[in-house]
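Enquirer: One structure, pasted below without further comment.
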Amino acid sequence: MRIESSVTAISWIPSDAIEGMPKLPFELGVAHYDEPPPDRLEEGDLERLRAEDRFREANRLAAWIESDDGKIVGHGYEGAGLVGSTTVNLGLTDITIPGVAFEVLRQEPEVQGDAVRFVQTVGGRAGFPAPRRVTGRPFVRIHSATAWTTLALTIRTDGSSEHELVGASTFPRHWVYDRDGNLVAKSGTIDFRKWYREAHGERTPWGDEESDAFVTAAESALEREISRELLAGKAIPERRTLEPEETLVKQGAPGGELYLVLDGVLAVDVDGEEVAEIGPGAIVGEKALIEGGTRTATLTAQTRCRVAVIPGNLIDRQELEDLAATRRA
């Protein structure tokens, strides 16, 4: 019996993710941030999104095993890696510069009793030059930095499978989709400065170094819809940066604002017990607005975080109640 499964990662540049001088072309409209990928991938979506310049890289790890009476008798990789192009606006015309795809790295499948584990790395870099000082030799690089994801997929003889984002570059954002095309996880942090200076040469999987990925569960579809509307309308005037262990809100304190997590991971603590971790895209603080104006949990930065402050009157009562219901679920 043949059993197939897959997992897909899409790497894209969210709004406000770039820091320092490299941010200037984005602010001037010469370069662009990416629209968020869809909540669900359908057949043909990866090729369409690449044609529309919607992502930087996509890693689709697909694999199969053959079993006979519960024993594994064969296995193999499928899937592929896609590297997107970059469209540059020069005023009178746009120029599309193809990305540079690196060799797809595939580890030898590891047979583990009734299961086989597959590991695949996909990545590349933008086709345009990015002269900059870097960490380590040769101290100056002309090419842009390298972005990548490393996915693992385990397929079992009972037909089940599981996946993992094993490693990834610290920039850009990475979203992970399951075998059915549903968005299920995402990288929790972005570190543009580190990536810009360090992701080159031997400091990548094509050299001798991998970067662990801090992964969080995907936020709800309602949160994604609200955050897209807010960011598209530029209705969020204030942003805050939190260092690790810094508290955003404290249980029992008054509060009339909501927060959109732009980057990083927040721990949710209720009555002294950590009950959850919340990552990019989540909207928090809604319970205080619908339950008497008092914070019902303490939110503490697990990593360096960036949050957008949302005035409570920007979201109507029904949406706040729907958010609270989603959080309880």
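Order determines the names: the first chain of the structure tokens is A, the second B, and so forth; residues in each chain are numbered 1 upward, and ligands are numbered 1 upward as they are shown.
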Any chance you could list, as a ChimeraX atom specification, the residues in region 146-307 of chain A that come up strand (DSSP E) when DSSP is run on the backbone?

Expert: /A:147-156,161-168,173-177,183-187,215-217,238-242,247-249,257-263,266-270,273-278,283-284,298-301,305-307

Enquirer: Generate a file of the selected residues that holds C-alpha atoms, formatted as a short mmCIF file (atom, residue, chain, number, x, y, z; two decimals), in the first residue's frame.

Expert:
data_model
loop_
_atom_site.label_atom_id
_atom_site.label_comp_id
_atom_site.auth_asym_id
_atom_site.auth_seq_id
_atom_site.Cartn_x
_atom_site.Cartn_y
_atom_site.Cartn_z
CA ALA A 147 16.59 32.84 3.34
CA TRP A 148 15.49 29.25 3.88
CA THR A 149 13.26 26.77 5.67
CA THR A 150 13.98 23.18 6.73
CA LEU A 151 10.92 20.93 7.03
CA ALA A 152 10.59 17.43 8.46
CA LEU A 153 7.78 15.01 7.59
CA THR A 154 7.14 11.65 9.24
CA ILE A 155 4.81 9.16 7.51
CA ARG A 156 3.53 6.02 9.29
CA SER A 161 1.74 11.72 9.41
CA GLU A 162 3.23 14.64 11.31
CA HIS A 163 5.39 17.57 10.32
CA GLU A 164 7.84 20.02 11.88
CA LEU A 165 9.58 23.28 10.99
CA VAL A 166 13.04 22.10 12.00
CA GLY A 167 14.95 25.26 11.15
CA ALA A 168 14.68 28.53 9.27
CA ARG A 173 8.25 35.32 8.21
CA HIS A 174 7.60 31.59 7.58
CA TRP A 175 4.08 30.09 7.50
CA VAL A 176 3.50 26.31 7.61
CA TYR A 177 0.60 24.45 5.96
CA LEU A 183 -2.35 27.13 7.80
CA VAL A 184 -1.32 25.52 11.10
CA ALA A 185 1.86 27.20 12.36
CA LYS A 186 4.28 30.06 11.80
CA SER A 187 7.71 31.22 12.85
CA VAL A 215 7.31 28.09 16.10
CA THR A 216 3.86 29.16 17.32
CA ALA A 217 0.36 27.99 16.42
CA GLU A 238 1.36 53.49 17.96
CA ARG A 239 3.78 50.58 18.11
CA ARG A 240 5.72 49.26 21.09
CA THR A 241 8.82 47.10 21.43
CA LEU A 242 9.18 44.74 24.39
CA THR A 247 5.33 42.82 30.79
CA LEU A 248 2.80 44.18 28.30
CA VAL A 249 -0.25 44.09 30.57
CA GLU A 257 -6.65 49.09 24.42
CA LEU A 258 -6.07 46.01 22.33
CA TYR A 259 -2.74 44.82 20.96
CA LEU A 260 -1.81 43.22 17.65
CA VAL A 261 1.32 41.08 17.92
CA LEU A 262 3.51 42.00 14.95
CA ASP A 263 6.50 39.88 15.91
CA LEU A 266 3.97 36.51 24.47
CA ALA A 267 3.30 34.22 27.43
CA VAL A 268 -0.25 34.33 28.84
CA ASP A 269 -0.37 33.98 32.63
CA VAL A 270 -3.63 33.63 34.61
CA GLU A 273 -0.05 29.89 35.86
CA GLU A 274 1.12 30.06 32.26
CA VAL A 275 -1.79 28.92 30.11
CA ALA A 276 -0.69 29.74 26.56
CA GLU A 277 1.83 31.33 24.24
CA ILE A 278 0.69 33.82 21.59
CA ILE A 283 -4.98 40.22 18.80
CA VAL A 284 -5.07 40.35 22.61
CA THR A 298 -0.72 38.97 32.43
CA LEU A 299 1.12 39.09 29.10
CA THR A 300 4.90 38.83 29.21
CA ALA A 301 7.38 38.85 26.33
CA CYS A 305 8.35 41.54 20.65
CA ARG A 306 6.78 44.26 18.56
CA VAL A 307 3.11 45.06 19.13
#

Enquirer: I'd like to know which of A:Leu323, A:Ala288, A:Leu41, A:Ala253 is closest to Glu225 (chain A), using only C-alpha atoms.

Expert: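 Of all the options, A:Leu323 lies closest to Glu225 (chain A).
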
Enquirer: Tell me, in Å to one decimal, how far CA of Arg224 (chain A) is from CA of Asp39 (chain A).

Expert: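 CA of Arg224 (chain A) sits 8.7 Å away from CA of Asp39 (chain A).
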
Enquirer: Taking 6 positions as the minimum chain separation for residues in the same chain, which residues sit within 6 Å of region 91-107 of chain A when counting only C-alpha atoms? Answer as a list in words.

Expert: Val83, Gly84, Ser85, Val119, Gln120, Thr121, Val122, Gly123, Gly124, Arg125, Ala126 and Gly127 of chain A

Enquirer: Looking at only C-alpha atoms, which of A:Ala282, A:Ala221, A:Leu289, A:Ile190 is the one that sits closest to Ala17 (chain A)?

Expert: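 Comparing A:Ala282, A:Ala221, A:Leu289, A:Ile190 against Ala17 (chain A), the winner is A:Ile190.
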